[in-house]
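Data first, discussion second: the structure below is written as structure tokens.
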Amino acid sequence: MAVTTIDPTTALVLIDLQNGVMAAPAVPHTPAQVVERAVALAGAFRERDLPVVLVRVTSSPGSGTPGRTDRSGRRSGPRERPEGWDVIVDDLAGHPGDITVTKRNWGAFHGTDLDLRLRRRGITQIVLGGIATSIGVESTARAAHEHGYHVTLATDVMADIDEAAHRRSVEQIFPRLGETGTAAQILDLLRRDHS
């Protein structure tokens with residue numbers, strides 16, 4: 001399904017576009033391509049006084065995701081992160097009207113005030129992008145759908161470390177959660193619906 005409309009009360013939510021994530025390889029789009037398209041969307045949202053939400057993932061010393069997994073034993077203790085790994089990339093940061101949400105899990109809703117901040121602004125729809133498609137973006141899309149938001153997924157404003165995982169999210173999961181489209185299609189709708 002293609003994107004059909006952008007509600008007058010839509011927010012752009014960008015997941016984990018931060019220094020540490022940008023340093024990792026990603027497919028099918030490079031982190032630089034994802035950021036370039038995210039910047040274009042963010043600019044269009046700001047011009048129309050629509051909220052831009054920048055979500056970053058961080059951790060504190062000694063913290064980690066709870067629960068045992070098959071991958072739990074691969075590391076001995078929490079991973080040390082370099083200074084500044086959790087800072088939003090310069091191309092997106094520095095806009096005083098933007099909302100910054102800090103998460104410590106995959107999804108942007110669990111354990112944060114994202115839903116409250118969106119509801120206070122009367123938001124009915126979110127446009128999602130970020131890295132990684134099958135982790136942070138998909139987790140956030142699932143929660144947004146469960147919270148009753150109209151979900152639009154900007155498929156060329158996301159990338160993953162695994163192309164098969166990216167493709168599965170885009171082709172199998174996202175059509176069940178909302179509408180999918182490219183940044184150009186979303187920008188075109190923004191121009192038409194909010195001119």
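Convention: chains lettered A, B, ... in structure tokens order; per-chain residue numbering from 1; ligands numbered from 1 as shown.
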Just the residues within 12 Å of Ala164 in chain A, please, counting only C-alpha atoms, with nothing from its chain fewer than 4 positions along; format it as a ChimeraX atom specification. /A:26-28,133-134,159-160,168-172
Would you mind exporting the chosen residues as a PDB file, in the first residue's frame, restricted to N, CA, C and O atoms?
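See selection.pdb below for the written result:
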ATOM      1  N   ALA A  26      25.440  -0.360   7.045  1.00  0.00           N
ATOM      2  CA  ALA A  26      23.999  -0.558   6.926  1.00  0.00           C
ATOM      3  C   ALA A  26      23.620  -0.772   5.466  1.00  0.00           C
ATOM      4  O   ALA A  26      24.305  -0.306   4.567  1.00  0.00           O
ATOM      5  N   VAL A  27      22.511  -1.488   5.264  1.00  0.00           N
ATOM      6  CA  VAL A  27      21.983  -1.781   3.935  1.00  0.00           C
ATOM      7  C   VAL A  27      20.465  -1.661   3.979  1.00  0.00           C
ATOM      8  O   VAL A  27      19.887  -1.772   5.049  1.00  0.00           O
ATOM      9  N   PRO A  28      19.751  -1.480   2.895  1.00  0.00           N
ATOM     10  CA  PRO A  28      20.226  -1.236   1.549  1.00  0.00           C
ATOM     11  C   PRO A  28      20.616   0.218   1.308  1.00  0.00           C
ATOM     12  O   PRO A  28      21.073   0.567   0.230  1.00  0.00           O
ATOM     13  N   THR A 133      16.159  -0.885  10.872  1.00  0.00           N
ATOM     14  CA  THR A 133      14.803  -1.161  10.418  1.00  0.00           C
ATOM     15  C   THR A 133      14.128  -2.232  11.257  1.00  0.00           C
ATOM     16  O   THR A 133      13.019  -2.039  11.752  1.00  0.00           O
ATOM     17  N   SER A 134      14.790  -3.386  11.407  1.00  0.00           N
ATOM     18  CA  SER A 134      14.156  -4.544  12.042  1.00  0.00           C
ATOM     19  C   SER A 134      14.216  -4.511  13.559  1.00  0.00           C
ATOM     20  O   SER A 134      13.641  -5.385  14.212  1.00  0.00           O
ATOM     21  N   ALA A 159      17.502   1.802   7.398  1.00  0.00           N
ATOM     22  CA  ALA A 159      18.475   0.800   6.958  1.00  0.00           C
ATOM     23  C   ALA A 159      18.723  -0.156   8.113  1.00  0.00           C
ATOM     24  O   ALA A 159      18.330   0.109   9.249  1.00  0.00           O
ATOM     25  N   ASP A 160      19.396  -1.243   7.811  1.00  0.00           N
ATOM     26  CA  ASP A 160      19.624  -2.299   8.799  1.00  0.00           C
ATOM     27  C   ASP A 160      21.018  -2.878   8.597  1.00  0.00           C
ATOM     28  O   ASP A 160      21.619  -2.677   7.533  1.00  0.00           O
ATOM     29  N   ARG A 168      12.365  -8.050   5.193  1.00  0.00           N
ATOM     30  CA  ARG A 168      11.231  -8.699   5.876  1.00  0.00           C
ATOM     31  C   ARG A 168      10.366  -7.657   6.586  1.00  0.00           C
ATOM     32  O   ARG A 168       9.139  -7.702   6.514  1.00  0.00           O
ATOM     33  N   SER A 169      11.001  -6.719   7.274  1.00  0.00           N
ATOM     34  CA  SER A 169      10.230  -5.666   7.952  1.00  0.00           C
ATOM     35  C   SER A 169       9.421  -4.858   6.949  1.00  0.00           C
ATOM     36  O   SER A 169       8.214  -4.640   7.138  1.00  0.00           O
ATOM     37  N   VAL A 170      10.084  -4.410   5.881  1.00  0.00           N
ATOM     38  CA  VAL A 170       9.435  -3.536   4.897  1.00  0.00           C
ATOM     39  C   VAL A 170       8.330  -4.267   4.135  1.00  0.00           C
ATOM     40  O   VAL A 170       7.248  -3.708   3.910  1.00  0.00           O
ATOM     41  N   GLU A 171       8.580  -5.510   3.757  1.00  0.00           N
ATOM     42  CA  GLU A 171       7.628  -6.224   2.908  1.00  0.00           C
ATOM     43  C   GLU A 171       6.564  -7.009   3.670  1.00  0.00           C
ATOM     44  O   GLU A 171       5.442  -7.145   3.186  1.00  0.00           O
ATOM     45  N   GLN A 172       6.909  -7.526   4.848  1.00  0.00           N
ATOM     46  CA  GLN A 172       5.987  -8.401   5.564  1.00  0.00           C
ATOM     47  C   GLN A 172       5.332  -7.764   6.789  1.00  0.00           C
ATOM     48  O   GLN A 172       4.156  -7.993   7.046  1.00  0.00           O
TER      49      GLN A 172
END
Helix (DSSP H, G or I) residues, from DSSP on the backbone, in range 129-193 of chain A, as a VMD selection string: chain A and resid 133 to 146 163 to 177 183 to 193
Set the distance at 12 Å and use only C-alpha atoms: which residues neighbour Val35 in chain A once local chain neighbours fewer than 3 positions away are removed? I'd like the list as number ranges by chain. A: 14-19, 21-22, 29-32, 38-43, 54, 88-93, 129-131, 156-159, 183
Take the selection from the previous step and output its residues with N, CA, C and O atoms, as a CSV table (one decimal), in the first residue's frame.
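The result, stored in selection.csv:
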chain,number,residue,atom,x,y,z
A,14,LEU,N,12.2,10.0,14.3
A,14,LEU,CA,13.5,9.4,13.7
A,14,LEU,C,14.2,8.6,14.8
A,14,LEU,O,14.5,9.2,15.9
A,15,ILE,N,14.5,7.4,14.5
A,15,ILE,CA,15.0,6.4,15.5
A,15,ILE,C,16.6,6.3,15.4
A,15,ILE,O,17.1,5.9,14.3
A,16,ASP,N,17.3,6.6,16.4
A,16,ASP,CA,18.7,6.3,16.6
A,16,ASP,C,19.6,6.8,15.5
A,16,ASP,O,20.6,6.2,15.2
A,17,LEU,N,19.3,8.0,15.0
A,17,LEU,CA,20.3,8.6,14.1
A,17,LEU,C,21.3,9.4,14.9
A,17,LEU,O,21.2,10.6,15.0
A,18,GLN,N,22.2,8.6,15.4
A,18,GLN,CA,23.2,9.1,16.3
A,18,GLN,C,24.6,8.7,16.0
A,18,GLN,O,24.7,7.8,15.1
A,19,ASN,N,25.6,9.3,16.5
A,19,ASN,CA,27.0,9.1,16.1
A,19,ASN,C,27.4,7.6,16.1
A,19,ASN,O,27.9,7.1,15.1
A,21,VAL,N,25.6,4.9,15.9
A,21,VAL,CA,24.9,4.1,14.9
A,21,VAL,C,25.4,4.4,13.5
A,21,VAL,O,25.5,3.5,12.6
A,22,MET,N,25.7,5.7,13.3
A,22,MET,CA,26.2,6.1,11.9
A,22,MET,C,27.5,5.4,11.6
A,22,MET,O,27.8,5.3,10.4
A,29,HIS,N,20.4,1.1,2.3
A,29,HIS,CA,20.8,2.5,2.2
A,29,HIS,C,22.0,2.7,3.2
A,29,HIS,O,22.0,2.1,4.3
A,30,THR,N,22.9,3.6,2.8
A,30,THR,CA,24.0,3.9,3.8
A,30,THR,C,23.4,4.8,4.8
A,30,THR,O,22.4,5.5,4.6
A,31,PRO,N,24.1,4.8,6.0
A,31,PRO,CA,23.7,5.8,7.0
A,31,PRO,C,23.6,7.2,6.5
A,31,PRO,O,22.7,8.0,6.9
A,32,ALA,N,24.6,7.6,5.7
A,32,ALA,CA,24.6,9.0,5.1
A,32,ALA,C,23.3,9.2,4.3
A,32,ALA,O,22.7,10.3,4.3
A,38,ALA,N,16.3,12.0,5.9
A,38,ALA,CA,15.7,12.4,7.2
A,38,ALA,C,15.8,13.9,7.4
A,38,ALA,O,14.8,14.5,7.9
A,39,VAL,N,16.9,14.5,7.0
A,39,VAL,CA,17.0,16.0,7.1
A,39,VAL,C,16.0,16.7,6.2
A,39,VAL,O,15.4,17.7,6.6
A,40,ALA,N,15.8,16.1,5.0
A,40,ALA,CA,14.8,16.7,4.1
A,40,ALA,C,13.4,16.6,4.7
A,40,ALA,O,12.6,17.6,4.7
A,41,LEU,N,13.0,15.5,5.3
A,41,LEU,CA,11.7,15.3,5.9
A,41,LEU,C,11.6,16.2,7.1
A,41,LEU,O,10.6,16.9,7.3
A,42,ALA,N,12.7,16.3,8.0
A,42,ALA,CA,12.6,17.1,9.1
A,42,ALA,C,12.4,18.6,8.8
A,42,ALA,O,11.7,19.3,9.4
A,43,GLY,N,13.1,19.0,7.7
A,43,GLY,CA,13.0,20.4,7.3
A,43,GLY,C,11.5,20.7,6.9
A,43,GLY,O,11.0,21.8,7.2
A,54,LEU,N,13.4,13.3,17.8
A,54,LEU,CA,14.7,12.7,17.6
A,54,LEU,C,14.9,11.7,18.8
A,54,LEU,O,15.0,12.1,19.9
A,88,ILE,N,22.9,12.7,19.0
A,88,ILE,CA,22.2,12.8,17.7
A,88,ILE,C,23.2,13.5,16.7
A,88,ILE,O,23.9,14.4,17.0
A,89,VAL,N,23.1,13.0,15.4
A,89,VAL,CA,24.1,13.5,14.4
A,89,VAL,C,23.8,15.0,14.2
A,89,VAL,O,22.7,15.5,14.3
A,90,ASP,N,24.9,15.7,13.9
A,90,ASP,CA,24.9,17.2,13.8
A,90,ASP,C,23.9,17.7,12.7
A,90,ASP,O,23.2,18.7,12.9
A,91,ASP,N,23.7,16.9,11.6
A,91,ASP,CA,22.8,17.3,10.6
A,91,ASP,C,21.3,17.5,11.0
A,91,ASP,O,20.5,18.2,10.4
A,92,LEU,N,21.0,16.7,12.1
A,92,LEU,CA,19.6,16.8,12.6
A,92,LEU,C,19.5,17.6,13.9
A,92,LEU,O,18.4,18.0,14.3
A,93,ALA,N,20.5,17.7,14.7
A,93,ALA,CA,20.5,18.3,16.0
A,93,ALA,C,20.5,19.8,15.9
A,93,ALA,O,20.7,20.4,14.9
A,129,GLY,N,11.3,6.7,10.6
A,129,GLY,CA,12.5,6.4,9.9
A,129,GLY,C,13.6,6.1,10.9
A,129,GLY,O,13.4,6.4,12.1
A,130,GLY,N,14.7,5.6,10.5
A,130,GLY,CA,15.8,5.4,11.4
A,130,GLY,C,16.6,4.1,11.1
A,130,GLY,O,16.4,3.5,10.1
A,131,ILE,N,17.4,3.8,12.0
A,131,ILE,CA,18.3,2.7,12.0
A,131,ILE,C,18.3,2.0,13.3
A,131,ILE,O,18.4,2.7,14.3
A,156,ASP,N,12.8,4.5,2.6
A,156,ASP,CA,14.2,4.8,2.2
A,156,ASP,C,14.9,5.7,3.2
A,156,ASP,O,15.9,6.3,3.0
A,157,VAL,N,14.2,5.9,4.4
A,157,VAL,CA,14.8,6.7,5.5
A,157,VAL,C,15.1,5.7,6.6
A,157,VAL,O,14.9,6.0,7.8
A,158,MET,N,15.4,4.5,6.2
A,158,MET,CA,15.8,3.4,7.2
A,158,MET,C,16.7,2.4,6.5
A,158,MET,O,16.8,2.3,5.3
A,159,ALA,N,17.5,1.8,7.4
A,159,ALA,CA,18.5,0.8,7.0
A,159,ALA,C,18.7,-0.2,8.1
A,159,ALA,O,18.3,0.1,9.2
A,183,ALA,N,10.6,8.9,1.0
A,183,ALA,CA,10.7,10.2,1.5
A,183,ALA,C,10.1,11.2,0.5
A,183,ALA,O,9.3,12.1,0.8
Please indicate the distance in Å from CA of Ala44 in chain A to CA of Asn105 in chain A, rounded to one decimal place.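 Computed distance, CA of Ala44 in chain A to CA of Asn105 in chain A, equals 28.6 Å.
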Which of chain A counts as strand (DSSP E or B) under DSSP, as a short mmCIF file (atom, residue, chain, number, x, y, z; two decimals) with N, CA, C and O atoms, in the first residue's frame please?
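Output file selection.cif is given in full below:
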data_model
loop_
_atom_site.label_atom_id
_atom_site.label_comp_id
_atom_site.auth_asym_id
_atom_site.auth_seq_id
_atom_site.Cartn_x
_atom_site.Cartn_y
_atom_site.Cartn_z
N ALA A 2 0.48 2.24 -0.68
CA ALA A 2 1.23 3.50 -0.73
C ALA A 2 0.66 4.46 0.31
O ALA A 2 -0.46 4.29 0.79
N THR A 10 0.48 15.38 12.40
CA THR A 10 1.46 14.30 12.20
C THR A 10 2.80 14.71 12.78
O THR A 10 3.19 15.87 12.69
N ALA A 11 3.51 13.74 13.35
CA ALA A 11 4.86 13.97 13.85
C ALA A 11 5.83 13.07 13.09
O ALA A 11 5.49 11.94 12.73
N LEU A 12 7.03 13.58 12.85
CA LEU A 12 8.12 12.79 12.29
C LEU A 12 8.90 12.22 13.47
O LEU A 12 9.33 12.97 14.35
N VAL A 13 9.10 10.91 13.50
CA VAL A 13 9.84 10.26 14.57
C VAL A 13 11.02 9.53 13.94
O VAL A 13 10.85 8.61 13.14
N LEU A 14 12.23 9.96 14.30
CA LEU A 14 13.46 9.41 13.74
C LEU A 14 14.20 8.64 14.82
O LEU A 14 14.50 9.17 15.90
N ILE A 15 14.50 7.38 14.52
CA ILE A 15 15.04 6.44 15.50
C ILE A 15 16.56 6.28 15.36
O ILE A 15 17.06 5.90 14.31
N GLN A 18 22.21 8.64 15.40
CA GLN A 18 23.20 9.15 16.35
C GLN A 18 24.59 8.67 15.95
O GLN A 18 24.73 7.75 15.14
N VAL A 27 22.51 -1.49 5.26
CA VAL A 27 21.98 -1.78 3.94
C VAL A 27 20.46 -1.66 3.98
O VAL A 27 19.89 -1.77 5.05
N VAL A 52 9.02 17.30 15.18
CA VAL A 52 10.10 16.39 14.81
C VAL A 52 10.62 15.80 16.11
O VAL A 52 11.02 16.52 17.03
N VAL A 53 10.58 14.46 16.20
CA VAL A 53 11.03 13.76 17.40
C VAL A 53 12.31 13.00 17.06
O VAL A 53 12.33 12.17 16.15
N LEU A 54 13.37 13.32 17.79
CA LEU A 54 14.66 12.66 17.60
C LEU A 54 14.86 11.70 18.77
O LEU A 54 14.99 12.13 19.92
N VAL A 55 14.84 10.41 18.46
CA VAL A 55 14.96 9.39 19.49
C VAL A 55 16.39 8.88 19.49
O VAL A 55 16.94 8.55 18.43
N ARG A 56 16.98 8.83 20.66
CA ARG A 56 18.34 8.30 20.79
C ARG A 56 18.32 7.17 21.80
O ARG A 56 17.53 7.18 22.75
N VAL A 57 19.19 6.21 21.59
CA VAL A 57 19.32 5.10 22.53
C VAL A 57 20.60 5.32 23.32
O VAL A 57 21.62 5.76 22.77
N ILE A 88 22.87 12.71 18.96
CA ILE A 88 22.19 12.83 17.66
C ILE A 88 23.15 13.47 16.66
O ILE A 88 23.88 14.40 16.99
N ILE A 99 11.73 17.65 19.61
CA ILE A 99 11.55 16.86 20.83
C ILE A 99 12.63 15.78 20.83
O ILE A 99 12.79 15.07 19.83
N THR A 100 13.36 15.65 21.91
CA THR A 100 14.35 14.58 22.03
C THR A 100 13.84 13.57 23.06
O THR A 100 13.42 13.95 24.16
N VAL A 101 13.86 12.31 22.68
CA VAL A 101 13.44 11.23 23.56
C VAL A 101 14.63 10.29 23.72
O VAL A 101 15.26 9.90 22.74
N THR A 102 14.92 9.94 24.97
CA THR A 102 16.01 9.01 25.25
C THR A 102 15.41 7.68 25.68
O THR A 102 14.59 7.62 26.59
N LYS A 103 15.82 6.63 24.99
CA LYS A 103 15.32 5.29 25.31
C LYS A 103 16.47 4.38 25.72
O LYS A 103 17.64 4.66 25.42
N GLN A 125 -0.91 10.79 13.82
CA GLN A 125 -0.13 10.01 12.86
C GLN A 125 1.35 10.24 13.13
O GLN A 125 1.76 11.34 13.50
N ILE A 126 2.14 9.18 12.93
CA ILE A 126 3.59 9.36 12.98
C ILE A 126 4.21 8.82 11.70
O ILE A 126 3.76 7.81 11.15
N VAL A 127 5.21 9.53 11.22
CA VAL A 127 6.03 9.09 10.10
C VAL A 127 7.34 8.63 10.72
O VAL A 127 7.98 9.37 11.47
N LEU A 128 7.73 7.40 10.42
CA LEU A 128 8.89 6.78 11.06
C LEU A 128 10.03 6.53 10.09
O LEU A 128 9.82 6.12 8.95
N GLY A 129 11.25 6.72 10.59
CA GLY A 129 12.46 6.35 9.88
C GLY A 129 13.56 6.13 10.90
O GLY A 129 13.39 6.43 12.08
N GLY A 130 14.68 5.61 10.46
CA GLY A 130 15.81 5.42 11.36
C GLY A 130 16.57 4.14 11.11
O GLY A 130 16.37 3.45 10.11
N ILE A 131 17.44 3.85 12.04
CA ILE A 131 18.30 2.66 11.96
C ILE A 131 18.26 1.98 13.33
O ILE A 131 18.42 2.67 14.35
N HIS A 150 -1.92 6.41 13.43
CA HIS A 150 -1.74 6.07 12.03
C HIS A 150 -0.22 6.03 11.84
O HIS A 150 0.47 6.98 12.22
N VAL A 151 0.28 4.97 11.26
CA VAL A 151 1.72 4.79 11.11
C VAL A 151 2.08 4.85 9.63
O VAL A 151 1.49 4.16 8.81
N THR A 152 3.05 5.71 9.32
CA THR A 152 3.60 5.79 7.97
C THR A 152 5.09 5.52 8.07
O THR A 152 5.78 6.11 8.90
N LEU A 153 5.57 4.62 7.24
CA LEU A 153 6.97 4.19 7.30
C LEU A 153 7.70 4.65 6.05
O LEU A 153 7.35 4.27 4.94
N ALA A 154 8.69 5.50 6.26
CA ALA A 154 9.50 6.04 5.16
C ALA A 154 10.60 5.03 4.85
O ALA A 154 11.66 5.03 5.46
N THR A 155 10.33 4.16 3.89
CA THR A 155 11.18 2.99 3.68
C THR A 155 12.59 3.28 3.18
O THR A 155 13.47 2.44 3.32
N ASP A 156 12.82 4.46 2.60
CA ASP A 156 14.19 4.79 2.20
C ASP A 156 14.85 5.73 3.20
O ASP A 156 15.93 6.27 2.96
N VAL A 157 14.21 5.89 4.36
CA VAL A 157 14.79 6.65 5.46
C VAL A 157 15.06 5.67 6.60
O VAL A 157 14.92 5.96 7.78
N MET A 158 15.42 4.46 6.21
CA MET A 158 15.78 3.43 7.18
C MET A 158 16.74 2.44 6.55
O MET A 158 16.81 2.31 5.32
N ALA A 159 17.50 1.80 7.40
CA ALA A 159 18.48 0.80 6.96
C ALA A 159 18.72 -0.16 8.11
O ALA A 159 18.33 0.11 9.25
N ASP A 160 19.40 -1.24 7.81
CA ASP A 160 19.62 -2.30 8.80
C ASP A 160 21.02 -2.88 8.60
O ASP A 160 21.62 -2.68 7.53
N GLU A 179 1.08 2.41 6.52
CA GLU A 179 1.34 2.64 5.11
C GLU A 179 2.83 2.88 4.90
O GLU A 179 3.50 3.44 5.76
N THR A 180 3.33 2.47 3.75
CA THR A 180 4.74 2.64 3.45
C THR A 180 4.91 3.54 2.22
O THR A 180 4.05 3.57 1.34
N GLY A 181 6.01 4.25 2.20
CA GLY A 181 6.32 5.11 1.06
C GLY A 181 7.73 5.65 1.18
O GLY A 181 8.40 5.45 2.19
#
Selection near Asp115 in chain A, 12 Å with only C-alpha atoms, sequence-local residues under 6 positions removed, as a list in words: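 What passes the distance filter is Ala11, Val13, Val53, Val101, Gly107, Ala108, Phe109, Arg121, Gly122, Ile123, Thr124, Gln125, Ile126, Thr140, Ala143, Ala144, His145, Glu146, His147, Gly148 and Tyr149 of chain A.
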Requested write-out: N, CA, C and O atoms of the selected residues, as a short mmCIF file (atom, residue, chain, number, x, y, z; two decimals), in the first residue's frame:
data_model
loop_
_atom_site.label_atom_id
_atom_site.label_comp_id
_atom_site.auth_asym_id
_atom_site.auth_seq_id
_atom_site.Cartn_x
_atom_site.Cartn_y
_atom_site.Cartn_z
N ALA A 11 3.51 13.74 13.35
CA ALA A 11 4.86 13.97 13.85
C ALA A 11 5.83 13.07 13.09
O ALA A 11 5.49 11.94 12.73
N VAL A 13 9.10 10.91 13.50
CA VAL A 13 9.84 10.26 14.57
C VAL A 13 11.02 9.53 13.94
O VAL A 13 10.85 8.61 13.14
N VAL A 53 10.58 14.46 16.20
CA VAL A 53 11.03 13.76 17.40
C VAL A 53 12.31 13.00 17.06
O VAL A 53 12.33 12.17 16.15
N VAL A 101 13.86 12.31 22.68
CA VAL A 101 13.44 11.23 23.56
C VAL A 101 14.63 10.29 23.72
O VAL A 101 15.26 9.90 22.74
N GLY A 107 12.44 -0.14 21.34
CA GLY A 107 11.36 0.73 20.91
C GLY A 107 11.35 2.07 21.64
O GLY A 107 11.81 2.18 22.78
N ALA A 108 10.79 3.08 20.98
CA ALA A 108 10.79 4.43 21.52
C ALA A 108 9.64 4.70 22.49
O ALA A 108 9.64 5.74 23.15
N PHE A 109 8.69 3.80 22.62
CA PHE A 109 7.56 4.03 23.52
C PHE A 109 7.80 3.46 24.92
O PHE A 109 7.50 4.11 25.91
N ARG A 121 0.12 17.03 22.13
CA ARG A 121 0.12 17.84 20.92
C ARG A 121 -1.00 17.44 19.96
O ARG A 121 -1.08 17.95 18.85
N GLY A 122 -1.81 16.48 20.35
CA GLY A 122 -2.92 16.04 19.51
C GLY A 122 -2.49 15.23 18.30
O GLY A 122 -3.23 15.15 17.31
N ILE A 123 -1.34 14.61 18.36
CA ILE A 123 -0.81 13.85 17.22
C ILE A 123 -1.64 12.60 16.97
O ILE A 123 -1.94 11.85 17.88
N THR A 124 -2.01 12.40 15.71
CA THR A 124 -2.79 11.23 15.30
C THR A 124 -2.00 10.29 14.39
O THR A 124 -2.39 9.14 14.20
N GLN A 125 -0.91 10.79 13.82
CA GLN A 125 -0.13 10.01 12.86
C GLN A 125 1.35 10.24 13.13
O GLN A 125 1.76 11.34 13.50
N ILE A 126 2.14 9.18 12.93
CA ILE A 126 3.59 9.36 12.98
C ILE A 126 4.21 8.82 11.70
O ILE A 126 3.76 7.81 11.15
N THR A 140 9.25 0.34 17.39
CA THR A 140 8.50 1.58 17.56
C THR A 140 7.23 1.57 16.72
O THR A 140 6.17 2.02 17.18
N ALA A 143 4.59 -0.60 18.45
CA ALA A 143 4.01 0.08 19.61
C ALA A 143 3.11 1.24 19.18
O ALA A 143 2.05 1.45 19.77
N ALA A 144 3.51 1.99 18.16
CA ALA A 144 2.69 3.10 17.66
C ALA A 144 1.34 2.57 17.18
O ALA A 144 0.28 3.16 17.47
N HIS A 145 1.38 1.47 16.46
CA HIS A 145 0.15 0.83 15.98
C HIS A 145 -0.72 0.41 17.16
O HIS A 145 -1.93 0.67 17.18
N GLU A 146 -0.11 -0.20 18.17
CA GLU A 146 -0.85 -0.64 19.35
C GLU A 146 -1.43 0.54 20.14
O GLU A 146 -2.46 0.41 20.79
N HIS A 147 -0.74 1.69 20.08
CA HIS A 147 -1.23 2.89 20.76
C HIS A 147 -2.31 3.62 19.95
O HIS A 147 -2.85 4.63 20.40
N GLY A 148 -2.60 3.15 18.75
CA GLY A 148 -3.68 3.72 17.95
C GLY A 148 -3.29 4.84 17.00
O GLY A 148 -4.17 5.51 16.46
N TYR A 149 -2.00 5.05 16.77
CA TYR A 149 -1.57 6.07 15.81
C TYR A 149 -1.68 5.52 14.40
O TYR A 149 -1.51 4.32 14.16
#
Expressed in Å to a single decimal, how great is the separation between CA of Ala184 in chain A and CA of Glu138 in chain A? 20.9 Å
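Of note, CA of Arg117 in chain A and CA of Arg192 in chain A are spaced 26.6 Å apart.
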